[in-house]
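Reproduced below: start_16.pdb, with PDB, C-alpha atoms and all ligand atoms.
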ATOM      1  CA  MET H   1       0.000   0.000   0.000  1.00  0.00           C
ATOM      2  CA  THR H   2       1.069   3.560  -0.627  1.00  0.00           C
ATOM      3  CA  TYR H   3       1.146   6.483   1.774  1.00  0.00           C
ATOM      4  CA  THR H   4      -0.315   9.505  -0.022  1.00  0.00           C
ATOM      5  CA  GLY H   5      -0.866  11.729   3.029  1.00  0.00           C
ATOM      6  CA  ARG H   6      -3.657  14.213   2.438  1.00  0.00           C
ATOM      7  CA  THR H   7      -5.568  13.105  -0.646  1.00  0.00           C
ATOM      8  CA  LEU H   8      -8.428  14.814  -2.450  1.00  0.00           C
ATOM      9  CA  GLY H   9     -10.516  14.353  -5.568  1.00  0.00           C
ATOM     10  CA  ILE H  10     -13.207  15.862  -7.780  1.00  0.00           C
ATOM     11  CA  GLY H  11     -15.647  14.032 -10.058  1.00  0.00           C
ATOM     12  CA  LEU H  12     -19.119  13.557 -11.444  1.00  0.00           C
ATOM     13  CA  ILE H  13     -21.872  11.117 -10.395  1.00  0.00           C
ATOM     14  CA  LYS H  14     -25.195  11.020 -12.252  1.00  0.00           C
ATOM     15  CA  GLY H  15     -24.348  14.420 -13.671  1.00  0.00           C
ATOM     16  CA  ARG H  16     -23.737  15.925 -10.220  1.00  0.00           C
ATOM     17  CA  PRO H  17     -20.287  17.252  -9.306  1.00  0.00           C
ATOM     18  CA  PHE H  18     -18.730  15.889  -6.137  1.00  0.00           C
ATOM     19  CA  ALA H  19     -15.488  16.278  -4.201  1.00  0.00           C
ATOM     20  CA  PHE H  20     -13.838  14.381  -1.389  1.00  0.00           C
ATOM     21  CA  TYR H  21     -11.054  14.752   1.131  1.00  0.00           C
ATOM     22  CA  LEU H  22      -9.235  11.784   2.608  1.00  0.00           C
ATOM     23  CA  LEU H  23      -7.137  12.537   5.670  1.00  0.00           C
ATOM     24  CA  CYS H  24      -4.263  10.074   5.900  1.00  0.00           C
ATOM     25  CA  SER H  25      -1.646  10.864   8.534  1.00  0.00           C
ATOM     26  CA  ARG H  26       1.288   8.999  10.117  1.00  0.00           C
ATOM     27  CA  SER H  27       2.182  11.692  12.642  1.00  0.00           C
ATOM     28  CA  PHE H  28      -1.166  13.140  13.752  1.00  0.00           C
ATOM     29  CA  PRO H  29      -3.736  10.333  13.798  1.00  0.00           C
ATOM     30  CA  ASN H  30      -5.791  11.844  16.627  1.00  0.00           C
ATOM     31  CA  ARG H  31      -8.016  14.120  14.555  1.00  0.00           C
ATOM     32  CA  ARG H  32     -11.678  14.645  13.875  1.00  0.00           C
ATOM     33  CA  ALA H  33     -13.884  16.458  11.386  1.00  0.00           C
ATOM     34  CA  VAL H  34     -16.478  19.080  12.306  1.00  0.00           C
ATOM     35  CA  ILE H  35     -19.107  20.509   9.961  1.00  0.00           C
ATOM     36  CA  ARG H  36     -20.320  23.997  10.818  1.00  0.00           C
ATOM     37  CA  GLY H  37     -22.438  26.182   8.558  1.00  0.00           C
ATOM     38  CA  ASN H  38     -20.905  26.362   5.111  1.00  0.00           C
ATOM     39  CA  ALA H  39     -17.584  24.837   6.226  1.00  0.00           C
ATOM     40  CA  ALA H  40     -15.913  21.654   7.422  1.00  0.00           C
ATOM     41  CA  TYR H  41     -12.827  21.686   9.639  1.00  0.00           C
ATOM     42  CA  ILE H  42     -10.112  19.217  10.586  1.00  0.00           C
ATOM     43  CA  ILE H  43      -9.309  19.460  14.288  1.00  0.00           C
ATOM     44  CA  ASN H  44      -6.138  18.018  15.769  1.00  0.00           C
ATOM     45  CA  GLN H  45      -6.878  16.661  19.248  1.00  0.00           C
ATOM     46  CA  SER H  46      -3.364  15.998  20.554  1.00  0.00           C
ATOM     47  CA  GLU H  47      -0.921  18.503  22.043  1.00  0.00           C
ATOM     48  CA  SER H  48       1.136  20.075  19.222  1.00  0.00           C
ATOM     49  CA  ASN H  49       2.316  23.422  17.950  1.00  0.00           C
ATOM     50  CA  ASN H  50       2.428  22.228  14.347  1.00  0.00           C
ATOM     51  CA  PRO H  51       0.513  24.981  12.480  1.00  0.00           C
ATOM     52  CA  TYR H  52      -0.664  22.708   9.666  1.00  0.00           C
ATOM     53  CA  VAL H  53      -2.780  20.052  11.323  1.00  0.00           C
ATOM     54  CA  SER H  54      -6.012  21.921  12.193  1.00  0.00           C
ATOM     55  CA  TYR H  55      -7.643  23.901   9.405  1.00  0.00           C
ATOM     56  CA  PRO H  56     -10.758  24.616   7.363  1.00  0.00           C
ATOM     57  CA  VAL H  57     -10.913  21.748   4.856  1.00  0.00           C
ATOM     58  CA  ILE H  58     -14.096  22.534   2.910  1.00  0.00           C
ATOM     59  CA  ARG H  59     -16.024  25.707   2.101  1.00  0.00           C
ATOM     60  CA  VAL H  60     -19.187  25.890   0.014  1.00  0.00           C
ATOM     61  CA  ASP H  61     -21.483  28.627  -1.247  1.00  0.00           C
ATOM     62  CA  GLU H  62     -24.358  28.651  -3.718  1.00  0.00           C
ATOM     63  CA  ARG H  63     -21.906  28.260  -6.605  1.00  0.00           C
ATOM     64  CA  TYR H  64     -18.622  26.617  -5.581  1.00  0.00           C
ATOM     65  CA  ALA H  65     -17.247  23.949  -3.268  1.00  0.00           C
ATOM     66  CA  VAL H  66     -13.574  24.218  -2.287  1.00  0.00           C
ATOM     67  CA  VAL H  67     -11.575  21.404  -0.702  1.00  0.00           C
ATOM     68  CA  ALA H  68      -7.966  21.807   0.412  1.00  0.00           C
ATOM     69  CA  ASN H  69      -5.422  20.614   2.964  1.00  0.00           C
ATOM     70  CA  GLY H  70      -4.778  23.808   4.915  1.00  0.00           C
ATOM     71  CA  LEU H  71      -5.610  27.426   5.581  1.00  0.00           C
ATOM     72  CA  HIS H  72      -5.594  28.118   1.851  1.00  0.00           C
ATOM     73  CA  THR H  73      -9.133  26.645   1.723  1.00  0.00           C
ATOM     74  CA  ASP H  74     -10.475  29.960   3.051  1.00  0.00           C
ATOM     75  CA  PHE H  75      -8.279  32.143   0.842  1.00  0.00           C
ATOM     76  CA  ILE H  76      -9.258  30.262  -2.331  1.00  0.00           C
ATOM     77  CA  PHE H  77     -12.901  30.471  -1.289  1.00  0.00           C
ATOM     78  CA  GLN H  78     -12.629  34.227  -0.781  1.00  0.00           C
ATOM     79  CA  ALA H  79     -10.759  34.729  -4.069  1.00  0.00           C
ATOM     80  CA  LEU H  80     -13.677  33.058  -5.879  1.00  0.00           C
ATOM     81  CA  GLU H  81     -15.750  36.142  -5.041  1.00  0.00           C
ATOM     82  CA  TRP H  82     -13.918  38.009  -7.820  1.00  0.00           C
ATOM     83  CA  GLU H  83     -11.876  35.452  -9.758  1.00  0.00           C
ATOM     84  CA  LYS H  84     -12.533  32.325 -11.782  1.00  0.00           C
ATOM     85  CA  PRO H  85     -11.340  29.063 -10.192  1.00  0.00           C
ATOM     86  CA  ARG H  86      -8.151  28.710 -12.249  1.00  0.00           C
ATOM     87  CA  LYS H  87      -6.953  32.196 -11.284  1.00  0.00           C
ATOM     88  CA  ALA H  88      -8.021  31.782  -7.663  1.00  0.00           C
ATOM     89  CA  LEU H  89      -5.977  28.584  -7.400  1.00  0.00           C
ATOM     90  CA  VAL H  90      -2.972  30.089  -9.175  1.00  0.00           C
ATOM     91  CA  HIS H  91      -2.921  33.227  -7.037  1.00  0.00           C
ATOM     92  CA  VAL H  92      -3.503  31.653  -3.657  1.00  0.00           C
ATOM     93  CA  LEU H  93      -1.329  28.558  -4.119  1.00  0.00           C
ATOM     94  CA  ASP H  94       1.496  30.648  -5.549  1.00  0.00           C
ATOM     95  CA  SER H  95       1.405  33.169  -2.705  1.00  0.00           C
ATOM     96  CA  MET H  96       1.076  30.639   0.116  1.00  0.00           C
ATOM     97  CA  ASP H  97       3.331  28.005  -1.499  1.00  0.00           C
ATOM     98  CA  TYR H  98       4.279  24.694   0.149  1.00  0.00           C
ATOM     99  CA  GLU H  99       4.311  24.225   3.902  1.00  0.00           C
ATOM    100  CA  ARG H 100       7.481  25.078   5.774  1.00  0.00           C
ATOM    101  CA  ASP H 101       7.597  21.790   7.659  1.00  0.00           C
ATOM    102  CA  GLU H 102      10.301  19.125   7.614  1.00  0.00           C
ATOM    103  CA  HIS H 103       8.845  17.573   4.427  1.00  0.00           C
ATOM    104  CA  GLY H 104       8.015  20.751   2.496  1.00  0.00           C
ATOM    105  CA  THR H 105       4.506  19.286   2.411  1.00  0.00           C
ATOM    106  CA  PRO H 106       2.612  20.432  -0.692  1.00  0.00           C
ATOM    107  CA  ARG H 107      -0.567  22.468  -0.563  1.00  0.00           C
ATOM    108  CA  ILE H 108      -3.264  20.828  -2.665  1.00  0.00           C
ATOM    109  CA  ALA H 109      -6.753  22.034  -3.570  1.00  0.00           C
ATOM    110  CA  GLY H 110      -9.832  21.242  -5.629  1.00  0.00           C
ATOM    111  CA  VAL H 111     -12.811  23.323  -6.775  1.00  0.00           C
ATOM    112  CA  ILE H 112     -16.135  22.183  -8.233  1.00  0.00           C
ATOM    113  CA  GLU H 113     -19.033  24.270  -9.482  1.00  0.00           C
ATOM    114  CA  ARG H 114     -22.787  23.669  -9.220  1.00  0.00           C
ATOM    115  CA  GLY H 115     -24.397  22.719 -12.530  1.00  0.00           C
ATOM    116  CA  SER H 116     -21.019  22.344 -14.220  1.00  0.00           C
ATOM    117  CA  GLY H 117     -19.056  19.396 -15.553  1.00  0.00           C
ATOM    118  CA  ARG H 118     -15.805  21.277 -15.080  1.00  0.00           C
ATOM    119  CA  GLY H 119     -13.517  21.052 -12.089  1.00  0.00           C
ATOM    120  CA  TRP H 120     -10.130  22.386 -11.004  1.00  0.00           C
ATOM    121  CA  LEU H 121      -7.175  20.911  -9.152  1.00  0.00           C
ATOM    122  CA  GLY H 122      -4.031  22.639  -7.917  1.00  0.00           C
ATOM    123  CA  PHE H 123      -0.726  21.706  -6.300  1.00  0.00           C
ATOM    124  CA  ALA H 124       2.062  23.830  -4.807  1.00  0.00           C
ATOM    125  CA  GLY H 125       5.068  21.712  -3.848  1.00  0.00           C
ATOM    126  CA  ARG H 126       8.743  22.421  -3.182  1.00  0.00           C
ATOM    127  CA  ASP H 127       9.690  21.050  -6.610  1.00  0.00           C
ATOM    128  CA  GLY H 128       6.600  21.700  -8.671  1.00  0.00           C
ATOM    129  CA  PHE H 129       3.525  23.819  -9.176  1.00  0.00           C
ATOM    130  CA  TRP H 130       0.496  23.180 -11.345  1.00  0.00           C
ATOM    131  CA  VAL H 131      -3.170  24.092 -11.734  1.00  0.00           C
ATOM    132  CA  ARG H 132      -5.481  22.150 -14.054  1.00  0.00           C
ATOM    133  CA  GLU H 133      -8.964  22.788 -15.368  1.00  0.00           C
ATOM    134  CA  LEU H 134     -10.546  19.384 -16.037  1.00  0.00           C
ATOM    135  CA  GLU H 135     -13.567  18.003 -17.855  1.00  0.00           C
ATOM    136  CA  LEU H 136     -15.080  15.738 -15.206  1.00  0.00           C
ATOM    137  CA  ARG H 137     -16.164  12.295 -16.366  1.00  0.00           C
ATOM    138  CA  GLU H 138     -19.220  10.384 -15.200  1.00  0.00           C
ATOM    139  CA  GLY H 139     -18.442   7.845 -12.468  1.00  0.00           C
ATOM    140  CA  LYS H 140     -14.808   8.930 -12.221  1.00  0.00           C
ATOM    141  CA  ALA H 141     -12.708  11.173 -10.019  1.00  0.00           C
ATOM    142  CA  PHE H 142      -9.460  13.043 -10.591  1.00  0.00           C
ATOM    143  CA  VAL H 143      -7.292  12.650  -7.503  1.00  0.00           C
ATOM    144  CA  THR H 144      -4.181  14.374  -6.209  1.00  0.00           C
ATOM    145  CA  ALA H 145      -2.268  14.030  -2.942  1.00  0.00           C
ATOM    146  CA  THR H 146       0.571  15.470  -0.887  1.00  0.00           C
ATOM    147  CA  TYR H 147       2.965  12.498  -1.228  1.00  0.00           C
ATOM    148  CA  ASN H 148       3.803   9.667  -3.647  1.00  0.00           C
ATOM    149  CA  LEU H 149       1.355  10.546  -6.384  1.00  0.00           C
ATOM    150  CA  ASP H 150       2.779  12.080  -9.510  1.00  0.00           C
ATOM    151  CA  GLY H 151       0.479  14.927 -10.605  1.00  0.00           C
ATOM    152  CA  PHE H 152      -3.038  13.539 -10.534  1.00  0.00           C
ATOM    153  CA  ILE H 153      -4.700  10.254 -11.451  1.00  0.00           C
ATOM    154  CA  GLU H 154      -8.199   9.288 -12.518  1.00  0.00           C
ATOM    155  CA  ILE H 155     -10.023   6.595 -10.539  1.00  0.00           C
ATOM    156  CA  SER H 156     -13.373   4.859 -11.033  1.00  0.00           C
ATOM    157  CA  MET H 157     -15.985   5.415  -8.366  1.00  0.00           C
ATOM    158  CA  GLY H 158     -18.641   2.942  -7.251  1.00  0.00           C
ATOM    159  CA  ASN H 159     -22.262   3.962  -7.076  1.00  0.00           C
ATOM    160  CA  PHE H 160     -23.080   6.368  -4.245  1.00  0.00           C
ATOM    161  CA  HIS H 161     -26.082   8.592  -3.620  1.00  0.00           C
ATOM    162  CA  SER H 162     -25.049  10.825  -0.754  1.00  0.00           C
ATOM    163  CA  ALA H 163     -22.044  12.611   0.704  1.00  0.00           C
ATOM    164  CA  LYS H 164     -21.950  10.056   3.538  1.00  0.00           C
ATOM    165  CA  GLU H 165     -21.844   7.139   1.085  1.00  0.00           C
ATOM    166  CA  LEU H 166     -19.108   8.933  -0.848  1.00  0.00           C
ATOM    167  CA  ALA H 167     -17.004   9.423   2.296  1.00  0.00           C
ATOM    168  CA  THR H 168     -17.544   5.778   3.264  1.00  0.00           C
ATOM    169  CA  GLU H 169     -16.458   4.599  -0.172  1.00  0.00           C
ATOM    170  CA  ILE H 170     -13.344   6.785  -0.097  1.00  0.00           C
ATOM    171  CA  LEU H 171     -12.287   5.181   3.177  1.00  0.00           C
ATOM    172  CA  LYS H 172     -12.061   1.860   1.304  1.00  0.00           C
ATOM    173  CA  LEU H 173      -9.250   3.105  -0.966  1.00  0.00           C
ATOM    174  CA  PRO H 174      -6.131   0.955  -0.476  1.00  0.00           C
ATOM    175  CA  LEU H 175      -4.004   3.703   1.100  1.00  0.00           C
ATOM    176  CA  GLU H 176      -2.023   3.783   4.342  1.00  0.00           C
ATOM    177  CA  HIS H 177      -2.919   5.543   7.593  1.00  0.00           C
ATOM    178  CA  LYS H 178      -6.479   6.543   6.699  1.00  0.00           C
ATOM    179  CA  ILE H 179      -8.176   8.510   9.463  1.00  0.00           C
ATOM    180  CA  LEU H 180     -11.339  10.031   8.066  1.00  0.00           C
ATOM    181  CA  ALA H 181     -12.954  11.118   4.820  1.00  0.00           C
ATOM    182  CA  ILE H 182     -15.338  13.931   3.918  1.00  0.00           C
ATOM    183  CA  GLY H 183     -17.660  13.949   0.913  1.00  0.00           C
ATOM    184  CA  VAL H 184     -19.289  16.920  -0.832  1.00  0.00           C
ATOM    185  CA  ILE H 185     -21.990  16.392  -3.442  1.00  0.00           C
ATOM    186  CA  GLU H 186     -24.274  18.733  -5.309  1.00  0.00           C
ATOM    187  CA  LYS H 187     -27.892  18.609  -4.178  1.00  0.00           C
ATOM    188  CA  LYS H 188     -31.028  20.337  -5.502  1.00  0.00           C
ATOM    189  CA  GLU H 189     -30.057  23.485  -3.688  1.00  0.00           C
ATOM    190  CA  GLY H 190     -26.535  23.906  -2.425  1.00  0.00           C
ATOM    191  CA  TRP H 191     -24.259  21.081  -1.369  1.00  0.00           C
ATOM    192  CA  GLU H 192     -24.394  18.122   0.966  1.00  0.00           C
ATOM    193  CA  VAL H 193     -21.298  17.697   3.174  1.00  0.00           C
ATOM    194  CA  GLU H 194     -20.748  14.630   5.400  1.00  0.00           C
ATOM    195  CA  PHE H 195     -17.854  12.740   6.901  1.00  0.00           C
ATOM    196  CA  ALA H 196     -17.092   9.140   7.833  1.00  0.00           C
ATOM    197  CA  PRO H 197     -16.547   7.189   9.965  1.00  0.00           C
TER     198      PRO H 197
HETATM  199  N1  LIG F 201      -3.233  19.010   6.292  1.00  0.00           N
HETATM  200  C1  LIG F 201      -2.959  18.053   7.150  1.00  0.00           C
HETATM  201  O1  LIG F 201      -3.860  17.399   7.657  1.00  0.00           O
HETATM  202  C2  LIG F 201      -1.585  17.767   7.543  1.00  0.00           C
HETATM  203  N2  LIG F 201      -1.253  16.800   8.383  1.00  0.00           N
HETATM  204  C3  LIG F 201       0.077  16.805   8.508  1.00  0.00           C
HETATM  205  N3  LIG F 201       0.608  17.786   7.763  1.00  0.00           N
HETATM  206  C4  LIG F 201       2.017  18.151   7.668  1.00  0.00           C
HETATM  207  O2  LIG F 201       2.709  17.028   7.146  1.00  0.00           O
HETATM  208  C5  LIG F 201       3.739  16.622   8.055  1.00  0.00           C
HETATM  209  C6  LIG F 201       3.863  15.143   8.002  1.00  0.00           C
HETATM  210  O3  LIG F 201       2.685  14.571   8.519  1.00  0.00           O
HETATM  211  P1  LIG F 201       2.368  13.016   8.313  1.00  0.00           P
HETATM  212  O4  LIG F 201       3.577  12.271   8.785  1.00  0.00           O
HETATM  213  O5  LIG F 201       1.148  12.724   9.125  1.00  0.00           O
HETATM  214  O6  LIG F 201       2.142  12.789   6.809  1.00  0.00           O
HETATM  215  C7  LIG F 201       3.314  17.187   9.410  1.00  0.00           C
HETATM  216  O7  LIG F 201       4.450  17.430  10.209  1.00  0.00           O
HETATM  217  C8  LIG F 201       2.613  18.462   9.023  1.00  0.00           C
HETATM  218  O8  LIG F 201       3.539  19.514   8.883  1.00  0.00           O
HETATM  219  C9  LIG F 201      -0.399  18.402   7.122  1.00  0.00           C
HETATM  220  N4  LIG F 201      -0.255  19.396   6.202  1.00  0.00           N
HETATM  221  C10 LIG F 201      -0.656  19.244   4.915  1.00  0.00           C
HETATM  222  O9  LIG F 201      -1.101  18.296   4.378  1.00  0.00           O
END
Any chance you could give the structure as structure tokens?
Amino acid sequence: MTYTGRTLGIGLIKGRPFAFYLLCSRSFPNRRAVIRGNAAYIINQSESNNPYVSYPVIRVDERYAVVANGLHTDFIFQALEWEKPRKALVHVLDSMDYERDEHGTPRIAGVIERGSGRGWLGFAGRDGFWVRELELREGKAFVTATYNLDGFIEISMGNFHSAKELATEILKLPLEHKILAIGVIEKKEGWEVEFAP
């Protein structure tokens, strides 16, 4: 099995855009997810002064859903008030850059849009930087991660009907040190956001 660290994806199911976040962690396994209003947060529950392990992980509004592995979630979400997703990802990921920890952990992010088959992924690492606008494909997800995944890959998704089922399915991926997953899926109005387990 591979250790990908923080892992996220965007895709399409029955014509509805979805996104997910899979928290894998060797060093900080004692974490939980909290959903509050239009946001989801990762909360580290052990004593630490590492600045990267508690953060807003998802933000949604009537148009966009943003998923990311750090504080940049909020900055990308705010930039979407005046910029298109590609520019928002470029500007925020470029200015915040990779994390100044012992691994130079990359910042990764995804954006999906209600009523759209387009999605966006971004990556700011010590040795590379990219942002991609993607045509989402039915029943598939484009996935990127902090470690051991070159660029992004496309995976096939099983059938799921809700954000909870999506999160539960993501937890079955054959990856190391899985802690929790969060799913976001378009609903009639707005977005559904749920985590598992
Ligand atoms: N977002 C996160 O949940 C997160 N968890 C851990 N990190 C960073 O990555 C380093 C390595 O963590 P790990 O061994 O759990 O993969 C940590 O020291 C921390 O600086 C994170 N930063 C980015 O992914």
Show me, as AutoDock Vina command-line options, the centre and edge lengths in Å to one decimal of the axis-aligned box that covers every listed atom of ligand LIG 201 (chain F) with 6 Å on each side.
--center_x 0.3 --center_y 15.9 --center_z 7.3 --size_x 20.3 --size_y 19.2 --size_z 17.8
Please find the residues contacting ligand LIG 201 (chain F) at a distance of at most 9 Å between atoms, with only C-alpha atoms and all ligand atoms counted, and report them as number ranges by chain. H: 3-7, 23-29, 31, 42-44, 50-55, 57, 68-71, 98-108, 145-147, 177
Counting all atoms listed in the file, which residues sit no farther than 9 Å from the position (-11.3, 26.3, 2.6) in the file's frame? I'd like them as a ChimeraX atom specification. /H:39-41,55-60,65-78,109
Give as JSON, numbers by chain each residue that has an atom at most 12 Å from (-27.5, 16.3, 0.0) in the file, counting only C-alpha atoms. {"H": [16, 17, 18, 160, 161, 162, 163, 164, 165, 166, 183, 184, 185, 186, 187, 188, 189, 190, 191, 192, 193, 194]}
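Across the structure, CA of Ser46 in chain H and CA of Gly122 in chain H are spaced 29.2 Å apart.
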Expanded to explicit residues, what is the PyMOL selection byres (((chain H and resi 170) around 12) and not hetatm) for this file, as an MDAnalysis selection string? chainID H and resid 7:10 19:24 141 143 155:160 163:169 171:175 178:184 195:197
What's the separation between CA of Ile13 in chain H and CA of Ser116 in chain H, in Å to one decimal place? 11.9 Å
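As for CA of Asp150 in chain H and CA of Gly117 in chain H, they are spaced 23.8 Å apart.
Residue membership of the PyMOL selection byres (((chain H and resi 63) around 6) and not hetatm) in the shown file amounts to Asp61, Glu62, Tyr64, Glu113 and Arg114 of chain H.
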Take the PyMOL selection byres (((chain H and resi 138) around 9) and not hetatm), run it mentally on this structure, and tell me the resulting residues as a ChimeraX atom specification. /H:11-16,136-137,139-141
